[in-house]
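Okay, structure first, notes after.
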Amino acid sequence: MHSLWYCGEYAQPAGAVGVLTVRSPRLIEIDRHDPTTAVHDDLLPGLSACPARVSPKYFYDELGSSLFAAITRLPEYYPTRTEAAIFARHVDDIGTQLAQGLTLVDIGAGNCEKAAALLIPLRVGRYVAVDISVDFLGDSLTRLQLQHPQLPMLGVGTDFSQRLLLPAEVGDGQRLLFYPGSSIGNFTPAQALDFLRQLRDAAQGGVLLIGVDLCKPVAVLEAAYDDPLGVTAAFNRNLLRNLNQLIGSDFFLADWRHVAFFDEAQSRIEMHLEALRPLCVRWPGGERAFAAGERIHTENSYKWRVDDFTALLGEAGFSEIRQWTDERCWFAVFLAQA
C-alpha cells in the first residue's frame with residue numbers, strides 16, 4: 001500500500017511571458033518505515049546476534065544520506081569520481097545501445113546527481129528516483145526538476161534491500177534500470193544474484209546499467225573506507241544515532257570507534273563499530289552487553305572481477321552484456337539486456 005505525497009505543477013503567474021511551467025515531481029512512499037516492525041523483524045534480532053549486526057540500510061536517514069554525499073567527494077573515495085569518468089568518456093557509446101525515450105529508474109538515487117548527468121545524453125523520456133530515505137529524496141528530486149522542468153519525474157520511497165517493488169505509477173514499457181556506485185557490493189554473491197534477477201524483471205524487457213567496484217590494491221580499498229578526515233567514521237557512527245531514534249536505545253556514540261578492513265578471502269571490505277569499553281545498551285523491553293573490543297558488523301562491500309560479474313549477470317538472465325572500465329581497471333560499468 002502506498003500514499004501519494006504531492007503532485008501537480010508550479011503554475012506560471014498570470015500574464016507572465018516567457019516563463020516556463022515547471023512540473024512538480026510526484027513522490028510516492030511504499031510501506032512507510034515502521035519502527036515497531038523494524039524492531040521485531042530486523043533490528044533486535046541483529047543486535048542480539050553474536051556477532052551483532054545491523055543492515056547498512058539504516059545508514060540512510062536524512063543525516064546519513066548527507067554524510068554519504070560528503071564521502072563521495074573525498075579524495076580517498078575513488079568509486080564516485082572513477083565511475084563518473086567512465087560515463088563522461090563513454091556516454092555516447094552507451095547511448096547508441098539504448099532506445100530513445102526510456103524510463104530511467106534510478107535505484108538508490110540519493111541526491112540524484114549521478115542520473116542527472118545522463119538524462120540528456122541518454123535521451124531519457126521519464127525519470128523515476130527510488131531510495132529508502134524519502135525526505136532526502138524529495139528535496140533532491142525537487143532540485144533536479146527545476147533543472148529539467150519538462151521531464152516527467154517520480155520519486156518512490158521504499159526499502160528495496162529485501163524486495164524491489166515499483167508502483168504502477170512508474171508506467172508500462174521497457175525501462176532503463178540504473179544502479180550505480182557499486183551498491184551491488186553490499187550484497188553477498190548469492191544475494192546479488194537474487195537482486196539482479198529482480199532488476200531483470202523490473203526492467204520489463206529493457207536494460208540494466210550498473211556500476212561495479214573491482215578488485216585493486218588493499219591500501220587503496222582501505223583508505224576509501226577509513227578516510228583521515230573521519231567522514232566515513234561519522235557516517236558509520238550515525239547509524240547508532242538512527243537506532244536510538246528508531247528503537248529508543250541509548251547508544252552513546254563516543255563509546256564506539258569505526259573499523260574498516262579488507263577481507264581478502266571474501267573479497268570484501270567490512271565495516272564495523274567497535275566498543276571502546278565494556279558497556280550495556282538498553283532499549284524498551286531489552287538490552288545487550290558488549291565487551292570492550294566487541295563489534296557490530298554494519299556493512300560489507302564486495303569487490304568483483306570483470307569476468308566473474310559478467311558470469312553473474314548471465315546467470316541472472318541478462319544477455320548482450322557490455323562493459324566499460326577506467327584505465328586502471330578499478331571500476332566497471334556494465335550494460336545488459338533484460
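Starting from 1 in every chain, residues are counted up; chains themselves are A, B, ... following the order of the C-alpha cells, and ligands are numbered from 1 as listed.
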Point to revise | Close residues, Gly46 in chain A itself excluded, 12 Å, only C-alpha atoms, min 2 positions apart in chain, as an NGL selection string | key: :A and (38-44 or 48-56 or 243 or 288 or 296-298)
Those residues with N, CA and C atoms, as a tab-separated table (two decimals), in the first residue's frame please?
```
chain	number	residue	atom	x	y	z
A	38	ALA	N	10.37	-2.81	12.38
A	38	ALA	CA	11.81	-2.96	12.30
A	38	ALA	C	12.37	-3.65	13.54
A	39	VAL	N	11.83	-3.29	14.70
A	39	VAL	CA	12.29	-3.90	15.95
A	39	VAL	C	12.11	-5.40	15.91
A	40	HIS	N	10.93	-5.85	15.52
A	40	HIS	CA	10.63	-7.27	15.57
A	40	HIS	C	11.21	-8.05	14.40
A	41	ASP	N	11.29	-7.44	13.25
A	41	ASP	CA	11.67	-8.17	12.06
A	41	ASP	C	13.15	-8.07	11.72
A	42	ASP	N	13.85	-7.08	12.26
A	42	ASP	CA	15.19	-6.84	11.76
A	42	ASP	C	16.15	-6.40	12.85
A	43	LEU	N	15.90	-5.25	13.46
A	43	LEU	CA	16.90	-4.63	14.31
A	43	LEU	C	17.26	-5.44	15.55
A	44	LEU	N	16.28	-5.83	16.34
A	44	LEU	CA	16.59	-6.51	17.59
A	44	LEU	C	17.24	-7.88	17.40
A	48	SER	N	21.01	-8.64	18.82
A	48	SER	CA	21.14	-9.70	19.81
A	48	SER	C	22.03	-10.85	19.32
A	49	ALA	N	22.34	-10.86	18.04
A	49	ALA	CA	23.15	-11.94	17.47
A	49	ALA	C	24.60	-11.84	17.92
A	50	CYS	N	25.34	-12.91	17.74
A	50	CYS	CA	26.77	-12.95	18.03
A	50	CYS	C	27.52	-13.42	16.78
A	51	PRO	N	28.27	-12.56	16.13
A	51	PRO	CA	28.44	-11.15	16.45
A	51	PRO	C	27.21	-10.33	16.07
A	52	ALA	N	27.09	-9.17	16.70
A	52	ALA	CA	25.95	-8.29	16.41
A	52	ALA	C	26.07	-7.72	14.99
A	53	ARG	N	24.95	-7.45	14.40
A	53	ARG	CA	24.94	-6.91	13.04
A	53	ARG	C	23.74	-5.98	12.87
A	54	VAL	N	23.90	-5.01	11.99
A	54	VAL	CA	22.82	-4.10	11.62
A	54	VAL	C	22.90	-3.90	10.11
A	55	SER	N	21.78	-3.96	9.43
A	55	SER	CA	21.77	-3.78	7.97
A	55	SER	C	22.25	-2.38	7.60
A	56	PRO	N	23.05	-2.26	6.53
A	56	PRO	CA	23.51	-0.93	6.10
A	56	PRO	C	22.39	-0.01	5.63
A	243	LEU	N	19.53	4.38	15.21
A	243	LEU	CA	18.92	3.31	16.00
A	243	LEU	C	18.28	3.86	17.27
A	288	ARG	N	21.55	-5.28	25.66
A	288	ARG	CA	22.66	-6.10	25.14
A	288	ARG	C	23.96	-5.59	25.73
A	296	ILE	N	29.96	-4.45	16.18
A	296	ILE	CA	28.71	-4.55	15.43
A	296	ILE	C	29.07	-4.46	13.95
A	297	HIS	N	28.71	-5.48	13.19
A	297	HIS	CA	29.02	-5.51	11.75
A	297	HIS	C	27.96	-4.69	11.02
A	298	THR	N	28.40	-3.62	10.34
A	298	THR	CA	27.45	-2.69	9.74
A	298	THR	C	27.41	-2.74	8.21
```
Sorted per-residue table, range 261-321 of chain A near range 175-183 of chain A, closest atoms and distance, 12 Å, only C-alpha atoms, as CSV:
```
residue,atom,partner,partner_atom,distance
A:Glu299,CA,A:Ser183,CA,11.0
A:Asn300,CA,A:Ser183,CA,10.0
A:Ser301,CA,A:Ser183,CA,7.8
A:Tyr302,CA,A:Ser182,CA,8.8
A:Lys303,CA,A:Ser182,CA,8.7
A:Trp304,CA,A:Ser182,CA,9.8
A:Phe309,CA,A:Ser182,CA,11.8
```
I need the chosen residues saved as a PDB file, in the first residue's frame, with all heavy atoms.
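Full text of selection10.pdb as output:
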```
ATOM      1  N   GLU A 299      28.466  -3.196   7.565  1.00  0.00           N
ATOM      2  CA  GLU A 299      28.428  -3.202   6.099  1.00  0.00           C
ATOM      3  C   GLU A 299      29.486  -4.124   5.522  1.00  0.00           C
ATOM      4  O   GLU A 299      30.586  -4.251   6.072  1.00  0.00           O
ATOM      5  CB  GLU A 299      28.645  -1.788   5.540  1.00  0.00           C
ATOM      6  CG  GLU A 299      28.513  -1.714   4.016  1.00  0.00           C
ATOM      7  CD  GLU A 299      28.728  -0.321   3.468  1.00  0.00           C
ATOM      8  OE1 GLU A 299      29.668   0.365   3.903  1.00  0.00           O
ATOM      9  OE2 GLU A 299      27.942   0.091   2.585  1.00  0.00           O
ATOM     10  N   ASN A 300      29.152  -4.753   4.398  1.00  0.00           N
ATOM     11  CA  ASN A 300      30.112  -5.408   3.514  1.00  0.00           C
ATOM     12  C   ASN A 300      30.101  -4.685   2.179  1.00  0.00           C
ATOM     13  O   ASN A 300      29.055  -4.165   1.743  1.00  0.00           O
ATOM     14  CB  ASN A 300      29.750  -6.872   3.273  1.00  0.00           C
ATOM     15  CG  ASN A 300      29.880  -7.721   4.514  1.00  0.00           C
ATOM     16  OD1 ASN A 300      30.812  -7.560   5.292  1.00  0.00           O
ATOM     17  ND2 ASN A 300      28.942  -8.638   4.708  1.00  0.00           N
ATOM     18  N   SER A 301      31.243  -4.651   1.519  1.00  0.00           N
ATOM     19  CA  SER A 301      31.305  -4.109   0.161  1.00  0.00           C
ATOM     20  C   SER A 301      32.200  -5.029  -0.664  1.00  0.00           C
ATOM     21  O   SER A 301      33.434  -4.932  -0.617  1.00  0.00           O
ATOM     22  CB  SER A 301      31.856  -2.678   0.163  1.00  0.00           C
ATOM     23  OG  SER A 301      31.834  -2.139  -1.136  1.00  0.00           O
ATOM     24  N   TYR A 302      31.550  -5.943  -1.403  1.00  0.00           N
ATOM     25  CA  TYR A 302      32.273  -6.935  -2.188  1.00  0.00           C
ATOM     26  C   TYR A 302      32.899  -6.288  -3.425  1.00  0.00           C
ATOM     27  O   TYR A 302      32.301  -5.409  -4.051  1.00  0.00           O
ATOM     28  CB  TYR A 302      31.336  -8.056  -2.627  1.00  0.00           C
ATOM     29  CG  TYR A 302      30.984  -9.019  -1.520  1.00  0.00           C
ATOM     30  CD1 TYR A 302      29.990  -8.716  -0.592  1.00  0.00           C
ATOM     31  CD2 TYR A 302      31.659 -10.236  -1.382  1.00  0.00           C
ATOM     32  CE1 TYR A 302      29.666  -9.593   0.431  1.00  0.00           C
ATOM     33  CE2 TYR A 302      31.345 -11.126  -0.366  1.00  0.00           C
ATOM     34  CZ  TYR A 302      30.345 -10.792   0.546  1.00  0.00           C
ATOM     35  OH  TYR A 302      30.041 -11.656   1.559  1.00  0.00           O
ATOM     36  N   LYS A 303      34.094  -6.746  -3.758  1.00  0.00           N
ATOM     37  CA  LYS A 303      34.815  -6.283  -4.933  1.00  0.00           C
ATOM     38  C   LYS A 303      34.891  -7.425  -5.946  1.00  0.00           C
ATOM     39  O   LYS A 303      35.195  -8.573  -5.586  1.00  0.00           O
ATOM     40  CB  LYS A 303      36.222  -5.802  -4.553  1.00  0.00           C
ATOM     41  CG  LYS A 303      36.229  -4.798  -3.399  1.00  0.00           C
ATOM     42  CD  LYS A 303      35.321  -3.600  -3.646  1.00  0.00           C
ATOM     43  CE  LYS A 303      35.181  -2.717  -2.419  1.00  0.00           C
ATOM     44  NZ  LYS A 303      34.205  -1.621  -2.609  1.00  0.00           N
ATOM     45  N   TRP A 304      34.622  -7.105  -7.200  1.00  0.00           N
ATOM     46  CA  TRP A 304      34.442  -8.132  -8.225  1.00  0.00           C
ATOM     47  C   TRP A 304      35.550  -8.086  -9.268  1.00  0.00           C
ATOM     48  O   TRP A 304      36.234  -7.074  -9.442  1.00  0.00           O
ATOM     49  CB  TRP A 304      33.094  -7.929  -8.924  1.00  0.00           C
ATOM     50  CG  TRP A 304      31.919  -8.294  -8.076  1.00  0.00           C
ATOM     51  CD1 TRP A 304      31.262  -7.498  -7.175  1.00  0.00           C
ATOM     52  CD2 TRP A 304      31.268  -9.563  -8.022  1.00  0.00           C
ATOM     53  NE1 TRP A 304      30.239  -8.186  -6.574  1.00  0.00           N
ATOM     54  CE2 TRP A 304      30.220  -9.461  -7.071  1.00  0.00           C
ATOM     55  CE3 TRP A 304      31.459 -10.775  -8.683  1.00  0.00           C
ATOM     56  CZ2 TRP A 304      29.364 -10.517  -6.782  1.00  0.00           C
ATOM     57  CZ3 TRP A 304      30.617 -11.835  -8.391  1.00  0.00           C
ATOM     58  CH2 TRP A 304      29.581 -11.696  -7.451  1.00  0.00           C
ATOM     59  N   PHE A 309      31.726 -11.001 -12.661  1.00  0.00           N
ATOM     60  CA  PHE A 309      30.441 -10.287 -12.644  1.00  0.00           C
ATOM     61  C   PHE A 309      29.689 -10.487 -13.956  1.00  0.00           C
ATOM     62  O   PHE A 309      28.455 -10.551 -13.966  1.00  0.00           O
ATOM     63  CB  PHE A 309      30.637  -8.797 -12.363  1.00  0.00           C
ATOM     64  CG  PHE A 309      29.361  -8.121 -11.939  1.00  0.00           C
ATOM     65  CD1 PHE A 309      28.915  -8.237 -10.633  1.00  0.00           C
ATOM     66  CD2 PHE A 309      28.581  -7.410 -12.848  1.00  0.00           C
ATOM     67  CE1 PHE A 309      27.719  -7.648 -10.226  1.00  0.00           C
ATOM     68  CE2 PHE A 309      27.389  -6.825 -12.461  1.00  0.00           C
ATOM     69  CZ  PHE A 309      26.958  -6.945 -11.142  1.00  0.00           C
TER      70      PHE A 309
END
```
Practice item. For Leu63 in chain A, list every protein, DNA or RNA residue within 10 Å, evaluated using only C-alpha atoms, and leave out those in the same chain fewer than 3 positions away; present the list as number ranges by chain. Key: A: 59-60, 66-69, 133, 136, 235, 238-239, 241-242
Neighbouring residues of Leu221 in chain A were defined as those with any atom within 9 Å, considering only C-alpha atoms; residues of the same chain fewer than 4 positions away were excluded. Please report them as a PDB file with N, CA, C and O atoms, in the first residue's frame.
```
ATOM      1  N   GLU A  76      40.019  10.217  -1.128  1.00  0.00           N
ATOM      2  CA  GLU A  76      40.285   8.787  -0.961  1.00  0.00           C
ATOM      3  C   GLU A  76      39.180   7.911  -1.540  1.00  0.00           C
ATOM      4  O   GLU A  76      39.411   6.742  -1.839  1.00  0.00           O
ATOM      5  N   TYR A  77      37.988   8.479  -1.686  1.00  0.00           N
ATOM      6  CA  TYR A  77      36.859   7.661  -2.132  1.00  0.00           C
ATOM      7  C   TYR A  77      36.792   7.718  -3.662  1.00  0.00           C
ATOM      8  O   TYR A  77      36.127   8.552  -4.257  1.00  0.00           O
ATOM      9  N   TYR A  78      37.478   6.771  -4.273  1.00  0.00           N
ATOM     10  CA  TYR A  78      37.636   6.741  -5.730  1.00  0.00           C
ATOM     11  C   TYR A  78      36.387   6.312  -6.502  1.00  0.00           C
ATOM     12  O   TYR A  78      36.239   6.678  -7.680  1.00  0.00           O
ATOM     13  N   CYS A 215      38.365  -5.439  -7.982  1.00  0.00           N
ATOM     14  CA  CYS A 215      39.494  -5.731  -7.098  1.00  0.00           C
ATOM     15  C   CYS A 215      40.663  -4.797  -7.427  1.00  0.00           C
ATOM     16  O   CYS A 215      40.911  -4.467  -8.590  1.00  0.00           O
ATOM     17  N   LYS A 216      41.389  -4.393  -6.384  1.00  0.00           N
ATOM     18  CA  LYS A 216      42.501  -3.455  -6.528  1.00  0.00           C
ATOM     19  C   LYS A 216      43.392  -3.538  -5.305  1.00  0.00           C
ATOM     20  O   LYS A 216      43.089  -4.283  -4.364  1.00  0.00           O
ATOM     21  N   PRO A 217      44.487  -2.775  -5.222  1.00  0.00           N
ATOM     22  CA  PRO A 217      45.368  -2.860  -4.050  1.00  0.00           C
ATOM     23  C   PRO A 217      44.636  -2.597  -2.737  1.00  0.00           C
ATOM     24  O   PRO A 217      43.787  -1.704  -2.646  1.00  0.00           O
ATOM     25  N   TYR A 225      37.544   3.564   2.681  1.00  0.00           N
ATOM     26  CA  TYR A 225      36.519   3.292   3.689  1.00  0.00           C
ATOM     27  C   TYR A 225      36.951   3.696   5.102  1.00  0.00           C
ATOM     28  O   TYR A 225      36.249   3.406   6.071  1.00  0.00           O
ATOM     29  N   ASP A 226      38.088   4.371   5.206  1.00  0.00           N
ATOM     30  CA  ASP A 226      38.554   4.867   6.506  1.00  0.00           C
ATOM     31  C   ASP A 226      39.383   6.122   6.261  1.00  0.00           C
ATOM     32  O   ASP A 226      40.597   6.141   6.472  1.00  0.00           O
ATOM     33  N   PHE A 261      38.223  -2.764   7.120  1.00  0.00           N
ATOM     34  CA  PHE A 261      39.371  -3.528   6.627  1.00  0.00           C
ATOM     35  C   PHE A 261      38.919  -4.402   5.461  1.00  0.00           C
ATOM     36  O   PHE A 261      37.729  -4.678   5.282  1.00  0.00           O
ATOM     37  N   PHE A 262      39.902  -4.851   4.682  1.00  0.00           N
ATOM     38  CA  PHE A 262      39.619  -5.714   3.534  1.00  0.00           C
ATOM     39  C   PHE A 262      39.849  -7.167   3.912  1.00  0.00           C
ATOM     40  O   PHE A 262      40.919  -7.541   4.408  1.00  0.00           O
ATOM     41  N   ILE A 269      35.353  -5.445   1.563  1.00  0.00           N
ATOM     42  CA  ILE A 269      35.584  -4.516   2.665  1.00  0.00           C
ATOM     43  C   ILE A 269      34.515  -4.790   3.717  1.00  0.00           C
ATOM     44  O   ILE A 269      33.340  -4.980   3.386  1.00  0.00           O
TER      45      ILE A 269
END
```
May I have a table of the residues of range 137-169 of chain A lying at most 9 Å from range 105-116 of chain A, giving each one's closest pair of atoms and their distance in Å to one decimal, counting only C-alpha atoms, ordered by chain and ascending residue number, as CSV?
```
residue,atom,partner,partner_atom,distance
A:Leu137,CA,A:Gly110,CA,6.1
A:Asp139,CA,A:Asn111,CA,8.3
A:Ser140,CA,A:Asn111,CA,5.1
A:Leu141,CA,A:Cys112,CA,6.9
A:Leu144,CA,A:Ala116,CA,7.3
A:Phe160,CA,A:Ile107,CA,8.3
```
Same residues, C-alpha atoms, output as a PDB file, in the first residue's frame:
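Result went into result_2.pdb, see below:
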```
ATOM      1  CA  LEU A 137      14.861  12.014  -1.921  1.00  0.00           C
ATOM      2  CA  ASP A 139      14.429  17.506  -1.672  1.00  0.00           C
ATOM      3  CA  SER A 140      16.862  16.107  -4.240  1.00  0.00           C
ATOM      4  CA  LEU A 141      14.145  15.401  -6.785  1.00  0.00           C
ATOM      5  CA  LEU A 144      16.530  18.220 -10.210  1.00  0.00           C
ATOM      6  CA  PHE A 160      14.431  -2.209  -1.857  1.00  0.00           C
TER       7      PHE A 160
END
```
Exercise for review: Have a look at CA of Ser249 in chain A and CA of Thr232 in chain A and let me know their distance in Å, one decimal.
Suggested key: 22.3 Å
Practice item. Counting only C-alpha atoms, figure out which residue out of A:Ile132, A:Leu74, A:Ile184, A:Leu104 gets nearest to Leu119 in chain A. Key: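 Of A:Ile132, A:Leu74, A:Ile184, A:Leu104, the one nearest Leu119 in chain A, counting only C-alpha atoms, is A:Leu104.
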Review point. In Å, how far is it from CA of Ala336 in chain A to CA of Leu154 in chain A?
Key: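 Those two atoms sit 23.9 Å apart.
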Practice item. Run DSSP on the backbone of this structure and report the residues of range 40-111 of chain A it assigns to helix (DSSP H, G or I), as a ChimeraX atom specification. Key: /A:40-48,56-59,62-71,78-96
Exercise for review: Run DSSP on the backbone and give me the residues of range 97-211 of chain A it puts in strand (DSSP E or B), as a list in words.
Suggested key: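 Residues of range 97-211 of chain A classed as strand (DSSP E or B): Thr103, Leu104, Val105, Asp106, Ile107, Arg126, Tyr127, Val128, Ala129, Val130, Asp131, Met153, Leu154, Gly155, Val156, Gly157, Arg175, Leu176, Leu177, Phe178, Tyr179, Val207, Leu208, Leu209, Ile210 and Gly211 of chain A.
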Exercise for review: Just the residues within 12 Å of Glu327 in chain A, please, counting only C-alpha atoms, with nothing from its chain fewer than 6 positions along; format it as an MDAnalysis selection string.
Suggested key: chainID A and resid 82:83 85:86 89
Review point. Hey, what's within 6 Å of Ala332 in chain A if we count only C-alpha atoms and toss same-chain stuff fewer than 4 positions away? As a PyMOL selection string, please?
Key: chain A and resi 211-212+324-325
